[in-house]
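The structure appears below as structure tokens.
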Amino acid sequence: DSGVTQTPKHLITATGQRVTLRCSPRSGDLSVYWYQQSLDQGLQFLIHYYNGEERAKGNILERFSAQQFPDLHSELNLSSLELGDSALYFCASSPHVPGPSYGYTFGSGTRLTVV
Amino acid sequence: TQLLEQSPQFLSIQEGENLTVYCNSSSVFSSLQWYRQEPGEGPVLLVTVVTGGEVKKLKRLTFQFGDARKDSSLHITAAQPGDTGLYLCAGEASGTYKYIFGTGTRLKVLA
């Protein structure tokens, strides 16, 4: 158990629908990151939140949004789902310390299948 | 756009052989990490390298950070089937807050 909890583990939904993925970071970590992993694209950075505020955006579609709540858990909302959104979605967390990054702790992911 | 290119993309070797995986970029990174990912699981952090020229050893794995902090390598000695997995380098180019992953090297070690 990495300490980062993602729910649900699997999700099957139809095109056009909306889903919410949830992430609880490791205790004490203030930063949460979301990644999308598909077979042909590798791990793509979506968005980074630090202590409730958006810090950086990657290749996140306008149909996707995220937020980090006061208790530091985060949710990734995916709407108007398309077949191509089928992928593994990972959440990662890290503490905030000045200086270079020392890496992230990943959850076990949510596998989204859009049919 | 900062990119981390890994090579080779795929590697299939026999148990006991040695191998090296490379991670290259045109950008300078304040640190680089290496992860291993098993199917259906999240990446697991193996090591962080911070100082240019730094070498770190983790049992049969040796990690090196380039002098200019633009590249890194992972060398595995006497590979075992348990080393099979997807190896990823990753880092945050200075001042971007965007933590990016390399293109990945999929390693298969045959018994």
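Going by the structure tokens order, chains are called A, B, ..., each with residues numbered from 1, while ligands are numbered from 1 in the order shown.
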
- Message: Counting only C-alpha atoms, a student should be able to say which residues of chain A come within 9 Å of chain B; what is the right answer, written as a list in words?
- Response: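 That gives Ser2, Tyr33, Gln41, Gly42, Leu43, Gln44, Phe45, Ile47, His48, Arg55, Ala56, Lys57, Gly58, Leu88, Phe90, Cys91, Ala92, Gly99, Pro100, Ser101, Tyr102, Gly103, Tyr104, Thr105, Phe106, Gly107, Ser108, Gly109 and Arg111 of chain A for chain A.
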
- Task: For segment 57-65 of chain B, please output as a count of residues only all residues within 6 Å (counting only C-alpha atoms; exclusion window: fewer than 6 positions along the same chain).
- Result: 6

- If you count only C-alpha atoms, which residues fall within 10 Å of Val115 of chain A, apart from same-chain ones fewer than 5 positions away, as number ranges by chain? A: 12-16, 81-84, 86

If you keep N, CA and C atoms, can you produce a file of those selected residues as a CSV table (one decimal), in the first residue's frame?
chain,number,residue,atom,x,y,z
A,12,ILE,N,-16.7,1.5,-15.9
A,12,ILE,CA,-17.2,1.3,-17.2
A,12,ILE,C,-18.4,2.2,-17.4
A,13,THR,N,-18.3,3.0,-18.5
A,13,THR,CA,-19.4,4.0,-18.7
A,13,THR,C,-19.6,4.2,-20.2
A,14,ALA,N,-20.7,4.8,-20.6
A,14,ALA,CA,-21.0,5.0,-22.0
A,14,ALA,C,-20.5,6.3,-22.5
A,15,THR,N,-20.4,6.4,-23.8
A,15,THR,CA,-20.0,7.7,-24.4
A,15,THR,C,-21.0,8.8,-24.0
A,16,GLY,N,-20.5,10.0,-23.8
A,16,GLY,CA,-21.3,11.1,-23.5
A,16,GLY,C,-21.6,11.3,-22.0
A,81,LEU,N,-17.8,12.0,-22.2
A,81,LEU,CA,-16.8,11.0,-22.5
A,81,LEU,C,-16.8,10.5,-23.9
A,82,GLU,N,-15.6,10.2,-24.4
A,82,GLU,CA,-15.4,9.7,-25.7
A,82,GLU,C,-14.7,8.3,-25.6
A,83,LEU,N,-14.8,7.5,-26.7
A,83,LEU,CA,-14.1,6.2,-26.6
A,83,LEU,C,-12.6,6.4,-26.3
A,84,GLY,N,-12.0,7.4,-26.9
A,84,GLY,CA,-10.6,7.7,-26.7
A,84,GLY,C,-10.2,8.1,-25.3
A,86,SER,N,-10.8,6.3,-22.8
A,86,SER,CA,-10.5,5.0,-22.1
A,86,SER,C,-9.0,4.9,-21.8

- Task: Identify, on the basis of only C-alpha atoms, every residue whose closest approach to Asp67 of chain B does not exceed 8 Å; exclude the query and any residue fewer than 6 positions from it along the same chain; express the result as a PyMOL selection string.
- Result: chain B and resi 51-54

File of the preceding selection, N, CA and C atoms, as a PDB file, in the first residue's frame:
ATOM      1  N   THR B  51      22.682  15.403  -8.263  1.00  0.00           N
ATOM      2  CA  THR B  51      23.917  16.107  -8.603  1.00  0.00           C
ATOM      3  C   THR B  51      24.460  15.605  -9.927  1.00  0.00           C
ATOM      4  N   GLY B  52      24.877  16.537 -10.803  1.00  0.00           N
ATOM      5  CA  GLY B  52      25.475  16.145 -12.067  1.00  0.00           C
ATOM      6  C   GLY B  52      26.642  15.196 -11.849  1.00  0.00           C
ATOM      7  N   GLY B  53      26.658  14.081 -12.581  1.00  0.00           N
ATOM      8  CA  GLY B  53      27.719  13.083 -12.431  1.00  0.00           C
ATOM      9  C   GLY B  53      27.469  12.068 -11.332  1.00  0.00           C
ATOM     10  N   GLU B  54      26.396  12.234 -10.610  1.00  0.00           N
ATOM     11  CA  GLU B  54      26.096  11.343  -9.472  1.00  0.00           C
ATOM     12  C   GLU B  54      25.844   9.919  -9.943  1.00  0.00           C
TER      13      GLU B  54
END

- Could you check which of A:Asp85, A:Glu75, A:Ser65, A:Ser94 is closest to Val114 of chain A, using only C-alpha atoms?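 Nearest to Val114 of chain A: A:Asp85.
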
- Note on the structure: Residue with the minimum atom-to-atom distance to Phe64 of chain A, picked from A:Leu112, A:Leu39, A:Leu46, A:Val32 with only C-alpha atoms counted, is A:Leu46

- Task: Return the single residue from B:Thr20, B:Ala68, B:Gln6, B:Val109 that is closest to Gly82 of chain B, with distances computed using only C-alpha atoms.
- Result: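 Closest to Gly82 of chain B, using only C-alpha atoms: B:Val109.
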
- Suppose you want the space between atom CA of Phe69 of chain A and atom CA of Arg18 of chain A; what is it in Å?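 Interatomic distance, atom CA of Phe69 of chain A to atom CA of Arg18 of chain A: 19.8 Å.
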
- Message: For the strand (DSSP E or B) assignment from backbone DSSP, which residues of chain A qualify? Please present them as an MDAnalysis selection string.
- Response: chainID A and resid 5:7 10:13 19:24 31:38 42:50 53:57 64:68 74:78 87:94 105:106 110:114

- Note on the structure: As a check of understanding: the span from atom CA of Asn77 of chain A to atom CA of Thr20 of chain A is 4.5 Å

- Determine the nearest neighbour of Gln36 of chain A from the options A:Thr110, A:Tyr89, A:Leu21, A:Glu54, counting only C-alpha atoms.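 That would be A:Tyr89, the residue with the smallest distance to Gln36 of chain A.
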
- Can you list, as a PyMOL selection string, every protein, DNA or RNA residue that comes within 10 Å of Glu53 of chain A when you count only C-alpha atoms, leaving out same-chain residues fewer than 4 positions away? chain A and resi 31+48-49+67-70

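The two atoms in question, atom CA of Pro8 of chain A and atom CA of Arg22 of chain A, are spaced 7.3 Å apart.
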
- Query: Given the choices A:Gln37, A:Ser80, A:Asn51, A:Ser74, which gets closest to Ser24 of chain A if the distance is worked out from only C-alpha atoms?
  - Reply: A:Ser74
